[in-house]
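Colleague: data-v3.txt is the file, holding compact mmCIF, C-alpha atoms:
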# COMPACT_ATOMS: atom_id res chain seq x y z
CA MET A 19 -12.09 -15.84 -68.60
CA PHE A 20 -10.67 -13.09 -70.83
CA LEU A 21 -13.03 -10.58 -69.22
CA LEU A 22 -11.19 -11.03 -65.91
CA LEU A 23 -7.79 -10.19 -67.29
CA PRO A 24 -8.10 -6.38 -67.02
CA PHE A 25 -9.34 -6.74 -63.45
CA ASP A 26 -6.48 -9.11 -62.58
CA SER A 27 -4.01 -6.70 -64.11
CA LEU A 28 -5.43 -3.85 -62.01
CA VAL A 29 -5.14 -5.91 -58.82
CA VAL A 30 -1.52 -6.80 -59.61
CA ASN A 31 -0.69 -3.16 -60.34
CA LEU A 32 -2.31 -1.98 -57.09
CA LEU A 33 -0.50 -4.68 -55.14
CA GLY A 34 2.81 -3.69 -56.73
CA ILE A 35 2.24 -0.02 -55.95
CA SER A 36 1.30 -0.85 -52.33
CA ILE A 37 4.44 -2.94 -51.82
CA THR A 38 6.59 -0.21 -53.36
CA VAL A 39 5.06 2.47 -51.15
CA LEU A 40 5.42 0.29 -48.03
CA PHE A 41 9.06 -0.51 -48.77
CA THR A 42 9.79 3.17 -49.46
CA LEU A 43 8.23 4.17 -46.14
CA LEU A 44 10.23 1.47 -44.34
CA LEU A 45 13.43 2.61 -46.01
CA VAL A 46 12.92 6.34 -45.37
CA PHE A 47 11.39 6.33 -41.89
CA ILE A 48 12.88 3.22 -40.26
CA ILE A 49 15.83 1.56 -42.00
CA VAL A 50 17.85 4.64 -42.97
CA PRO A 51 17.36 6.35 -39.55
CA ALA A 52 18.37 3.05 -37.90
CA ILE A 53 21.58 2.92 -39.95
CA PHE A 54 22.62 6.40 -38.79
CA GLY A 55 21.25 6.01 -35.26
CA VAL A 56 18.71 8.84 -35.46
CA SER A 57 15.02 8.93 -34.57
CA PHE A 58 12.11 11.10 -35.71
CA GLY A 59 10.37 10.71 -32.34
CA ILE A 60 7.47 8.70 -33.78
CA ARG A 61 7.91 5.87 -31.26
CA LYS A 62 7.78 8.24 -28.28
CA VAL A 63 4.55 9.83 -29.53
CA TYR A 64 3.18 6.31 -30.04
CA MET A 65 4.16 5.40 -26.46
CA LYS A 66 2.52 8.49 -24.95
CA THR A 67 -0.68 7.79 -26.90
CA LEU A 68 -0.76 4.22 -25.61
CA LEU A 69 -0.28 5.40 -22.02
CA LYS A 70 -3.32 7.67 -22.27
CA ILE A 71 -5.41 4.81 -23.69
CA PHE A 72 -4.24 2.45 -20.92
CA GLN A 73 -5.10 5.02 -18.24
CA TRP A 74 -8.58 5.52 -19.67
CA ALA A 75 -9.18 1.76 -19.91
CA THR A 76 -7.97 1.18 -16.34
CA LEU A 77 -10.21 3.91 -14.94
CA ARG A 78 -13.14 2.50 -16.89
CA ILE A 79 -12.48 -1.00 -15.49
CA GLU A 80 -12.21 0.28 -11.92
CA ARG A 81 -15.44 2.25 -12.24
CA GLY A 82 -17.25 -0.72 -13.80
CA ALA A 83 -15.96 -3.05 -11.09
CA LYS A 84 -17.26 -0.76 -8.35
CA GLU A 85 -20.66 -0.52 -10.04
CA LYS A 86 -20.93 -4.33 -10.17
CA ASN A 87 -19.32 -4.85 -6.74
CA HIS A 88 -16.40 -6.83 -8.17
CA PRO A 89 -13.29 -6.92 -5.94
CA LEU A 90 -10.28 -5.18 -7.44
CA TYR A 91 -7.18 -7.36 -7.67
CA LYS A 92 -3.89 -5.77 -6.70
CA PRO A 93 -0.73 -7.82 -7.29
CA TYR A 94 1.74 -8.17 -4.45
CA VAL A 95 4.91 -6.57 -5.72
CA ASN A 96 7.19 -7.56 -2.83
CA GLY A 97 5.41 -10.71 -1.73
CA ILE A 98 2.40 -11.54 0.44
CA ILE A 99 4.38 -12.07 3.66
CA ALA A 100 6.38 -9.36 5.40
CA LYS A 101 9.84 -10.74 6.15
CA GLU A 102 12.47 -9.12 8.34
CA PRO A 103 16.15 -9.65 7.45
CA THR A 104 17.04 -11.50 10.68
CA SER A 105 19.31 -14.48 11.27
CA LEU A 106 18.31 -17.98 12.36
CA GLU A 107 19.84 -17.46 15.78
CA GLU A 108 18.01 -14.17 16.40
CA GLU A 109 14.63 -15.60 15.39
CA ILE A 110 14.98 -18.73 17.53
CA LYS A 111 16.10 -16.56 20.43
CA GLU A 112 12.95 -14.47 20.07
CA ILE A 113 10.75 -17.60 19.92
CA ARG A 114 12.34 -19.00 23.09
CA ARG A 115 11.93 -15.74 24.97
CA SER A 116 8.28 -15.33 24.00
CA GLY A 117 7.52 -18.98 24.75
CA SER A 118 9.36 -19.75 27.99
CA GLY A 119 11.05 -16.56 29.01
CA LYS A 120 14.41 -18.32 29.12
CA ALA A 121 17.54 -17.01 27.48
CA LEU A 122 18.99 -18.58 24.40
CA ASP A 123 21.96 -20.13 26.16
CA THR A 124 19.96 -21.80 28.97
CA PRO A 125 19.00 -25.15 27.33
CA GLU A 126 20.76 -26.98 24.51
CA PHE A 127 17.50 -27.67 22.74
CA GLU A 128 13.92 -26.59 23.18
CA LEU A 129 10.84 -28.02 21.56
CA SER A 130 9.81 -24.49 20.56
CA ASP A 131 12.73 -24.40 18.10
CA ILE A 132 10.62 -26.58 15.80
CA PHE A 133 8.20 -23.70 15.31
CA TYR A 134 10.90 -21.68 13.54
CA PHE A 135 11.41 -24.34 10.86
CA CYS A 136 7.64 -24.97 10.56
CA ARG A 137 7.02 -21.27 10.00
CA LYS A 138 9.81 -21.01 7.41
CA GLY A 139 8.41 -24.00 5.55
CA ILE A 140 4.88 -22.56 5.45
CA GLU A 141 6.20 -19.13 4.36
CA THR A 142 8.12 -20.78 1.51
CA ILE A 143 5.01 -22.64 0.33
CA MET A 144 2.78 -19.55 0.56
CA ASP A 145 5.28 -17.06 -0.85
CA ASP A 146 7.87 -18.94 -2.90
CA GLU A 147 10.69 -16.52 -3.73
CA VAL A 148 11.99 -18.70 -6.55
CA THR A 149 9.01 -20.11 -8.48
CA LYS A 150 7.26 -16.75 -8.85
CA ARG A 151 10.39 -15.35 -10.56
CA PHE A 152 9.66 -17.61 -13.55
CA SER A 153 6.11 -16.49 -14.27
CA ALA A 154 4.89 -13.34 -16.00
CA GLU A 155 4.93 -10.19 -13.90
CA GLU A 156 1.35 -9.27 -13.01
CA LEU A 157 0.12 -5.78 -13.93
CA GLU A 158 -2.00 -3.36 -11.96
CA SER A 159 -3.51 -1.85 -15.10
CA TRP A 160 -4.90 -3.27 -18.34
CA ASN A 161 -2.73 -2.93 -21.44
CA LEU A 162 -5.29 -4.27 -23.95
CA LEU A 163 -3.28 -7.48 -24.39
CA SER A 164 -4.45 -11.02 -23.73
CA ARG A 165 -2.36 -11.26 -20.55
CA THR A 166 -3.78 -8.77 -18.12
CA ASN A 167 -4.72 -8.57 -14.47
CA TYR A 168 -7.72 -10.31 -12.97
CA ASN A 169 -9.83 -7.13 -12.87
CA PHE A 170 -10.81 -7.37 -16.50
CA GLN A 171 -14.15 -8.99 -17.15
CA TYR A 172 -16.83 -7.74 -19.48
CA ILE A 173 -17.37 -4.12 -18.44
CA SER A 174 -18.72 -2.31 -21.47
CA LEU A 175 -19.08 -2.55 -25.23
CA ARG A 176 -16.62 0.31 -25.75
CA LEU A 177 -13.83 -1.55 -23.95
CA THR A 178 -14.51 -4.72 -25.92
CA VAL A 179 -14.47 -2.83 -29.23
CA LEU A 180 -11.24 -1.11 -28.18
CA TRP A 181 -9.62 -4.47 -27.41
CA GLY A 182 -10.79 -5.87 -30.78
CA LEU A 183 -9.40 -2.83 -32.59
CA GLY A 184 -6.09 -3.38 -30.79
CA VAL A 185 -5.97 -7.00 -31.99
CA LEU A 186 -6.46 -5.87 -35.60
CA ILE A 187 -3.73 -3.23 -35.31
CA ARG A 188 -1.22 -5.59 -33.70
CA TYR A 189 -1.78 -8.61 -35.94
CA CYS A 190 -2.73 -7.01 -39.26
CA PHE A 191 -0.43 -3.95 -39.28
CA LEU A 192 2.35 -4.19 -36.68
CA LEU A 193 3.11 -7.91 -37.11
CA PRO A 194 3.74 -7.82 -40.91
CA LEU A 195 5.74 -4.61 -40.53
CA ARG A 196 7.91 -6.08 -37.77
CA ILE A 197 8.47 -9.35 -39.63
CA ALA A 198 9.64 -7.37 -42.67
CA LEU A 199 12.05 -5.36 -40.53
CA ALA A 200 13.36 -8.44 -38.72
CA PHE A 201 13.93 -10.22 -42.04
CA THR A 202 15.75 -7.13 -43.36
CA GLY A 203 17.96 -6.85 -40.27
CA ILE A 204 18.89 -10.55 -40.19
CA SER A 205 19.53 -10.68 -43.95
CA LEU A 206 21.80 -7.63 -43.79
CA LEU A 207 23.63 -9.10 -40.78
CA VAL A 208 24.36 -12.40 -42.53
CA THR A 209 25.27 -10.74 -45.84
CA GLY A 210 27.29 -7.89 -44.32
CA THR A 211 29.35 -10.01 -41.90
CA THR A 212 30.05 -12.60 -44.62
CA VAL A 213 31.37 -9.92 -46.99
CA VAL A 214 33.41 -8.21 -44.26
CA GLY A 215 34.83 -11.61 -43.27
CA TYR A 216 36.68 -11.84 -46.61
CA LEU A 217 38.61 -8.64 -45.92
CA PRO A 218 42.15 -8.86 -44.50
CA ASN A 219 42.53 -8.27 -40.78
CA GLY A 220 43.12 -4.66 -39.90
CA ARG A 221 41.51 -1.41 -38.89
CA CYS A 222 39.29 -1.27 -41.97
CA LYS A 223 37.81 -4.71 -41.25
CA ASP A 224 37.28 -3.89 -37.56
CA PHE A 225 35.59 -0.60 -38.43
CA LEU A 226 33.24 -2.16 -40.98
CA SER A 227 32.47 -5.14 -38.73
CA LYS A 228 31.48 -2.93 -35.80
CA HIS A 229 29.22 -0.72 -37.88
CA VAL A 230 27.58 -3.62 -39.75
CA HIS A 231 26.73 -5.25 -36.42
CA LEU A 232 25.48 -1.95 -34.98
CA MET A 233 23.37 -1.15 -38.05
CA CYS A 234 21.70 -4.56 -38.15
CA TYR A 235 20.97 -4.65 -34.41
CA ARG A 236 19.36 -1.23 -34.63
CA ILE A 237 17.08 -2.43 -37.43
CA CYS A 238 16.14 -5.48 -35.31
CA VAL A 239 15.35 -3.15 -32.39
CA ARG A 240 12.96 -1.27 -34.67
CA ALA A 241 11.36 -4.62 -35.51
CA LEU A 242 10.21 -4.80 -31.88
CA THR A 243 9.24 -1.11 -31.69
CA ALA A 244 11.75 -0.93 -28.86
CA ILE A 245 11.97 2.36 -26.97
CA ILE A 246 15.22 2.27 -25.00
CA THR A 247 16.62 4.84 -22.60
CA TYR A 248 20.38 4.55 -21.98
CA HIS A 249 21.86 6.10 -18.85
CA ASP A 250 25.50 6.96 -17.98
CA ARG A 251 26.94 6.12 -21.39
CA GLU A 252 30.39 7.22 -20.25
CA ASN A 253 30.55 3.87 -18.38
CA ARG A 254 30.00 1.75 -21.48
CA PRO A 255 32.19 -1.40 -21.61
CA ARG A 256 35.63 -1.11 -23.21
CA ASN A 257 37.94 -3.53 -24.97
CA GLY A 258 39.56 -6.17 -22.80
CA GLY A 259 36.71 -6.24 -20.30
CA ILE A 260 33.60 -8.27 -19.54
CA CYS A 261 30.10 -6.82 -19.64
CA VAL A 262 27.69 -8.59 -17.25
CA ALA A 263 23.95 -7.87 -17.09
CA ASN A 264 20.79 -9.27 -15.57
CA HIS A 265 18.89 -11.54 -17.96
CA THR A 266 15.19 -11.25 -18.79
CA SER A 267 14.97 -12.15 -22.45
CA PRO A 268 17.02 -13.23 -25.49
CA ILE A 269 16.44 -9.72 -26.85
CA ASP A 270 18.72 -8.40 -24.07
CA VAL A 271 21.51 -9.01 -26.60
CA ILE A 272 20.17 -6.68 -29.27
CA ILE A 273 19.09 -4.13 -26.63
CA LEU A 274 22.73 -3.75 -25.55
CA ALA A 275 24.37 -4.36 -28.93
CA SER A 276 22.33 -1.59 -30.56
CA ASP A 277 24.26 0.93 -28.43
CA GLY A 278 27.74 -0.62 -28.35
CA TYR A 279 30.10 -3.24 -29.71
CA TYR A 280 30.39 -6.66 -28.06
CA ALA A 281 31.82 -10.10 -28.63
CA MET A 282 29.15 -12.71 -27.95
CA VAL A 283 29.63 -15.92 -25.98
CA GLY A 284 27.44 -18.94 -26.52
CA GLN A 285 26.89 -22.48 -27.70
CA ILE A 286 27.01 -23.33 -31.39
CA HIS A 287 23.54 -23.99 -32.82
CA GLY A 288 22.19 -25.44 -36.02
CA GLY A 289 19.58 -24.11 -38.44
CA LEU A 290 19.09 -20.38 -38.93
CA MET A 291 20.89 -19.53 -35.70
CA GLY A 292 23.90 -21.54 -36.85
CA VAL A 293 24.00 -19.67 -40.17
CA ILE A 294 23.96 -16.34 -38.30
CA GLN A 295 26.70 -17.48 -35.89
CA ARG A 296 29.01 -18.68 -38.68
CA ALA A 297 28.57 -15.41 -40.57
CA MET A 298 29.16 -13.26 -37.47
CA VAL A 299 32.34 -15.02 -36.39
CA LYS A 300 33.92 -14.34 -39.82
CA ALA A 301 33.78 -10.60 -39.18
CA CYS A 302 34.30 -10.47 -35.41
CA PRO A 303 36.04 -12.78 -32.88
CA HIS A 304 32.93 -14.03 -31.10
CA VAL A 305 33.43 -16.95 -28.69
CA TRP A 306 31.31 -19.95 -29.73
CA PHE A 307 31.53 -23.32 -27.99
CA GLU A 308 30.59 -26.79 -29.16
CA ARG A 309 27.95 -28.57 -27.06
CA SER A 310 30.60 -30.90 -25.59
CA GLU A 311 32.85 -27.97 -24.64
CA VAL A 312 30.28 -25.99 -22.64
CA LYS A 313 30.52 -28.33 -19.64
CA ASP A 314 34.32 -28.04 -19.53
CA ARG A 315 34.73 -25.10 -17.11
CA HIS A 316 38.52 -24.97 -17.53
CA LEU A 317 38.28 -24.78 -21.32
CA VAL A 318 35.64 -22.04 -21.13
CA ALA A 319 37.71 -20.06 -18.63
CA ARG A 320 40.85 -20.38 -20.78
CA ARG A 321 39.06 -19.20 -23.93
CA LEU A 322 37.59 -16.21 -22.10
CA THR A 323 40.94 -15.35 -20.49
CA GLU A 324 42.70 -15.41 -23.86
CA HIS A 325 40.05 -13.10 -25.29
CA VAL A 326 40.14 -10.44 -22.54
CA GLN A 327 43.95 -10.41 -22.45
CA ASP A 328 43.95 -9.10 -26.02
CA LYS A 329 43.07 -5.43 -25.51
CA SER A 330 42.27 -5.02 -29.19
CA LYS A 331 39.29 -7.38 -28.94
CA LEU A 332 35.76 -6.28 -28.09
CA PRO A 333 34.39 -6.67 -24.56
CA ILE A 334 32.62 -9.98 -23.92
CA LEU A 335 28.89 -9.86 -23.20
CA ILE A 336 27.80 -12.41 -20.56
CA PHE A 337 24.60 -13.05 -18.60
CA PRO A 338 25.87 -14.78 -15.44
CA GLU A 339 22.41 -15.88 -14.21
CA GLY A 340 22.37 -18.49 -16.97
CA THR A 341 18.60 -18.27 -17.45
CA CYS A 342 15.85 -15.68 -17.93
CA ILE A 343 14.25 -14.11 -14.83
CA ASN A 344 10.92 -12.28 -14.95
CA ASN A 345 12.17 -8.68 -14.69
CA THR A 346 11.47 -8.44 -10.94
CA SER A 347 14.73 -9.70 -9.46
CA VAL A 348 18.34 -10.76 -9.98
CA MET A 349 19.32 -14.31 -9.03
CA MET A 350 22.68 -15.92 -8.32
CA PHE A 351 25.54 -15.07 -10.68
CA LYS A 352 27.69 -18.00 -11.76
CA LYS A 353 31.25 -17.38 -10.57
CA GLY A 354 33.05 -18.42 -13.79
CA SER A 355 32.97 -14.95 -15.34
CA PHE A 356 34.48 -13.42 -12.21
CA GLU A 357 37.45 -15.81 -11.83
CA ILE A 358 39.49 -14.67 -14.82
CA GLY A 359 40.62 -11.35 -13.34
CA ALA A 360 39.26 -8.99 -15.99
CA THR A 361 37.58 -5.62 -15.43
CA VAL A 362 33.82 -6.13 -15.11
CA TYR A 363 31.36 -3.60 -16.52
CA PRO A 364 27.96 -4.13 -14.83
CA VAL A 365 24.78 -3.22 -16.73
CA ALA A 366 21.24 -3.12 -15.30
CA ILE A 367 18.27 -3.67 -17.64
CA LYS A 368 14.70 -2.97 -16.52
CA TYR A 369 11.68 -3.45 -18.82
CA ASP A 370 8.35 -1.64 -18.53
CA PRO A 371 5.70 -4.44 -18.64
CA GLN A 372 2.85 -2.05 -19.48
CA PHE A 373 3.56 -2.26 -23.22
CA GLY A 374 4.61 -5.90 -23.49
CA ASP A 375 6.07 -8.65 -21.35
CA ALA A 376 9.69 -9.22 -22.44
CA PHE A 377 10.25 -12.19 -20.11
CA TRP A 378 10.87 -15.51 -21.88
CA ASN A 379 9.43 -18.42 -19.93
CA SER A 380 11.34 -21.11 -21.83
CA SER A 381 9.59 -23.86 -19.85
CA LYS A 382 6.24 -22.72 -21.23
CA TYR A 383 6.93 -21.16 -24.65
CA GLY A 384 9.21 -22.16 -27.50
CA MET A 385 11.30 -19.57 -29.32
CA VAL A 386 8.84 -19.18 -32.21
CA THR A 387 5.87 -18.66 -29.86
CA TYR A 388 7.89 -16.23 -27.77
CA LEU A 389 8.91 -14.14 -30.78
CA LEU A 390 5.29 -14.07 -31.94
CA ARG A 391 4.26 -12.72 -28.53
CA MET A 392 6.99 -10.09 -28.75
CA MET A 393 6.03 -8.99 -32.25
CA THR A 394 2.32 -8.77 -31.38
CA SER A 395 2.85 -6.71 -28.23
CA TRP A 396 2.47 -2.93 -28.33
CA ALA A 397 6.15 -2.16 -27.83
CA ILE A 398 9.24 -3.07 -25.83
CA VAL A 399 10.10 -0.24 -23.45
CA CYS A 400 13.14 -0.50 -21.19
CA SER A 401 15.87 1.43 -19.39
CA VAL A 402 19.56 0.51 -19.45
CA TRP A 403 22.06 1.73 -16.85
CA TYR A 404 25.81 1.47 -17.41
CA LEU A 405 27.43 1.17 -13.98
CA PRO A 406 31.05 2.16 -13.19
CA PRO A 407 33.60 -0.62 -13.89
CA MET A 408 34.41 -2.95 -11.01
CA THR A 409 37.49 -5.06 -10.27
CA ARG A 410 38.05 -7.91 -7.87
CA GLN A 411 39.50 -6.83 -4.54
CA PRO A 412 42.54 -8.67 -3.08
CA GLU A 413 40.53 -10.09 -0.17
CA GLU A 414 37.58 -11.21 -2.33
CA ASP A 415 37.01 -14.62 -3.84
CA ALA A 416 35.08 -15.06 -7.09
CA VAL A 417 31.75 -15.70 -5.33
CA GLN A 418 32.01 -12.56 -3.20
CA PHE A 419 32.94 -10.48 -6.24
CA ALA A 420 29.99 -11.89 -8.20
CA ASN A 421 27.62 -11.08 -5.32
CA ARG A 422 28.95 -7.53 -5.08
CA VAL A 423 28.37 -6.95 -8.80
CA LYS A 424 24.91 -8.53 -8.60
CA SER A 425 23.92 -6.30 -5.69
CA ALA A 426 24.99 -3.19 -7.60
CA ILE A 427 22.89 -4.23 -10.62
CA ALA A 428 19.84 -5.03 -8.48
CA ARG A 429 20.11 -1.74 -6.58
CA GLN A 430 20.36 0.35 -9.76
CA GLY A 431 17.58 -1.48 -11.61
CA GLY A 432 15.17 -1.53 -8.67
CA LEU A 433 15.24 -5.33 -8.65
CA VAL A 434 15.09 -7.82 -5.76
CA ASP A 435 18.53 -9.25 -4.93
CA LEU A 436 18.19 -13.03 -4.41
CA LEU A 437 20.84 -15.60 -3.54
CA TRP A 438 18.96 -18.50 -5.16
CA ASP A 439 20.37 -20.24 -8.23
CA GLY A 440 18.31 -19.65 -11.37
CA GLY A 441 18.95 -23.31 -12.24
CA LEU A 442 16.12 -24.15 -9.81
CA LYS A 443 13.85 -23.26 -12.73
CA ARG A 444 14.41 -26.80 -14.02
CA GLU A 445 16.16 -28.62 -11.17
CA LYS A 446 15.34 -29.64 -7.62
CA VAL A 447 16.80 -27.85 -4.62
CA LYS A 448 20.30 -29.09 -3.93
CA ASP A 449 20.98 -30.86 -0.66
CA ALA A 450 23.60 -28.22 0.11
CA PHE A 451 20.85 -25.61 0.70
CA LYS A 452 19.13 -27.90 3.22
CA GLU A 453 22.40 -28.83 4.90
CA GLU A 454 23.31 -25.15 5.28
CA GLN A 455 20.34 -24.53 7.59
CA GLN A 456 21.13 -27.72 9.52
CA LYS A 457 24.74 -26.60 9.99
CA LEU A 458 23.68 -23.15 11.22
CA TYR A 459 21.35 -24.66 13.82
CA SER A 460 23.90 -27.29 14.83
CA LYS A 461 26.61 -24.65 15.18
CA MET A 462 24.32 -22.56 17.37
CA ILE A 463 23.61 -25.49 19.71
CA VAL A 464 27.15 -26.88 19.79
CA GLY A 465 28.62 -23.40 20.17
CA ASN A 466 26.48 -22.68 23.23
CA HIS A 467 27.44 -26.02 24.76
CA GLU A 468 31.18 -25.39 24.23
CA ASP A 469 30.89 -21.89 25.72
CA ARG A 470 29.25 -23.26 28.85
CA SER A 471 31.90 -26.03 29.13
CA ARG A 472 34.71 -23.47 29.09
CA SER A 473 33.02 -21.38 31.76
Can I see the file as structure tokens?
Modeller:
Amino acid sequence: MFLLLPFDSLVVNLLGISITVLFTLLLVFIIVPAIFGVSFGIRKVYMKTLLKIFQWATLRIERGAKEKNHPLYKPYVNGIIAKEPTSLEEEIKEIRRSGSGKALDTPEFELSDIFYFCRKGIETIMDDEVTKRFSAEELESWNLLSRTNYNFQYISLRLTVLWGLGVLIRYCFLLPLRIALAFTGISLLVTGTTVVGYLPNGRCKDFLSKHVHLMCYRICVRALTAIITYHDRENRPRNGGICVANHTSPIDVIILASDGYYAMVGQIHGGLMGVIQRAMVKACPHVWFERSEVKDRHLVARRLTEHVQDKSKLPILIFPEGTCINNTSVMMFKKGSFEIGATVYPVAIKYDPQFGDAFWNSSKYGMVTYLLRMMTSWAIVCSVWYLPPMTRQPEEDAVQFANRVKSAIARQGGLVDLLWDGGLKREKVKDAFKEEQQKLYSKMIVGNHEDRSRS
């Protein structure tokens, strides 16, 4: 037993030296640069190296598939059915003309009209615009992660060894490093905001609060090896306004907050999230709601209105979709954020799925599983566009204003602009959507009948 003591002492000393060296490297190359918002360019070199490896692996897969006569799978980016943006009336008119040669206003009803609704139903089943927005975006190339495209089968020993080496790097090196950084960022956020919260209100408190938040969010961004490109920073949200953005992931918050100052809006939670929320609100006027208050639209609107009317308070950050969408489209914006009459600052966020899928499918993965997937991916690469501020026009209602903002975000981010409610992720289609089509068809028939009666 005593013979093992020198060996045990050596192991402890080596472990202590290793931890000291690791913490020093973290402090010098990651934490301190994050505090001052500078970068040594290591992440960009890392990204370029990964791209070259992905390209080589993809070419190797394609060559191996051709040698073994395996079909190459190509995902349909815009859907499997070509759809023209035509109205119900125009399409039924075309069906009637091709079927009977009669004009639209000749009969009140034709049996051929049924074919329009049958075709729409089959198209929806074959190419569902809604359901596919809540599944992972399929890739054309292999990124050495577990989720890949259907091309990858066993091709060669070199590819398999490369994938195994990637697993070791991600789980044995990147994961512990990222957990350490995340723990550091969250600890500093809770400690820093709690200390700042004891200071009297004034410019000093506001200054320290903003920079504590910014520092901690930047450290958390490093914990994901996030490589973010910000465009048009002169349009960044200002005090007294509302920042609205498309929603792909919970990390959208730290992506935006690592480049600016925001007041958060959300429901009060328990556990670790509750501790963080209580610490944050001491230093900054975030808007937290109790579970019973969230459903009270008038209370929510009043709290938001009171916040934006105070021009000294930070802009509110809101994701009007209300749920996460898979980085391919933007779905219906809830109108509540657009009813209070504040200046809206639209922001478009687009992730590059080659390095890691940022989409959170909350119906399939819990928060812990999702964070594990994030921290074992290669990196989080995204682009952020700050759009010019927008205000509600006199002739617009809240829904029209929300749709105009949504269209601008979709256009800038290269996303599909959809009118569907993201709530369909967990709910059935409302009867109002079905009745809308019935009303359009009924109006077309009744309108033609009334026109003929007048003539």
Colleague: Give me, as a list in words, all polymer residues having an atom no more than 8 Å from segment 336-345 of chain A, counting all atoms listed in the file and skipping those fewer than 6 positions away in the same chain.
Modeller: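 Residues near the query, excluding close chain neighbours: Arg151, Phe152, Ser153, Ala154, Glu155, Ile260, Cys261, Val262, Ala263, Asn264, His265, Thr266, Ser267, Met282, Val283, Phe351, Lys352, Lys353, Ser355, Lys368, Tyr369, Phe377, Trp378, Asn379, Leu433, Asp439, Gly440 and Gly441 of chain A.
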Colleague: Rounded to one decimal in Å, what is the spacing between atom CA of Ser57 of chain A and atom CA of Ala200 of chain A?
Modeller: 17.9 Å
Colleague: Neighbouring residues of Met349 of chain A were defined as those with any atom within 6 Å, considering only C-alpha atoms; residues of the same chain fewer than 6 positions away were excluded. Please report them as a compact mmCIF listing (two decimals) with C-alpha atoms, in the coordinates of the input.
Modeller:
# COMPACT_ATOMS: atom_id res chain seq x y z
CA LEU A 436 18.19 -13.03 -4.41
CA LEU A 437 20.84 -15.60 -3.54
CA TRP A 438 18.96 -18.50 -5.16
CA GLY A 440 18.31 -19.65 -11.37
Colleague: Suppose you want the space between atom CA of Gly82 of chain A and atom CA of Leu69 of chain A; what is it in Å?
Modeller: 19.8 Å
Colleague: Would you please work out which residue, of A:Pro51, A:Pro364, A:Gly34, A:Gly259, is nearest to Ser425 of chain A when using only C-alpha atoms?
Modeller: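 Answer, going by the shortest atom-to-atom distance: A:Pro364.
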Colleague: Tell me which of A:Ala281, A:Leu206, A:Ala241, A:Leu290 sits closest to Lys331 of chain A, counting all atoms listed in the file.
Modeller: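 Counting all atoms listed in the file, the residue closest to Lys331 of chain A is A:Ala281.
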Colleague: Calculated over only C-alpha atoms, which of the candidates A:Lys62, A:Arg321, A:Lys300, A:Lys329 has the smallest distance to Leu217 of chain A?
Modeller: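 Closest candidate: A:Lys300.
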Colleague: Ranking A:Ile246, A:Trp306, A:Ile35, A:Phe191 by minimum distance to His287 of chain A and counting all atoms listed in the file, which one comes first?
Modeller: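 Checking each of A:Ile246, A:Trp306, A:Ile35, A:Phe191 against His287 of chain A, counting all atoms listed in the file, the winner is A:Trp306.
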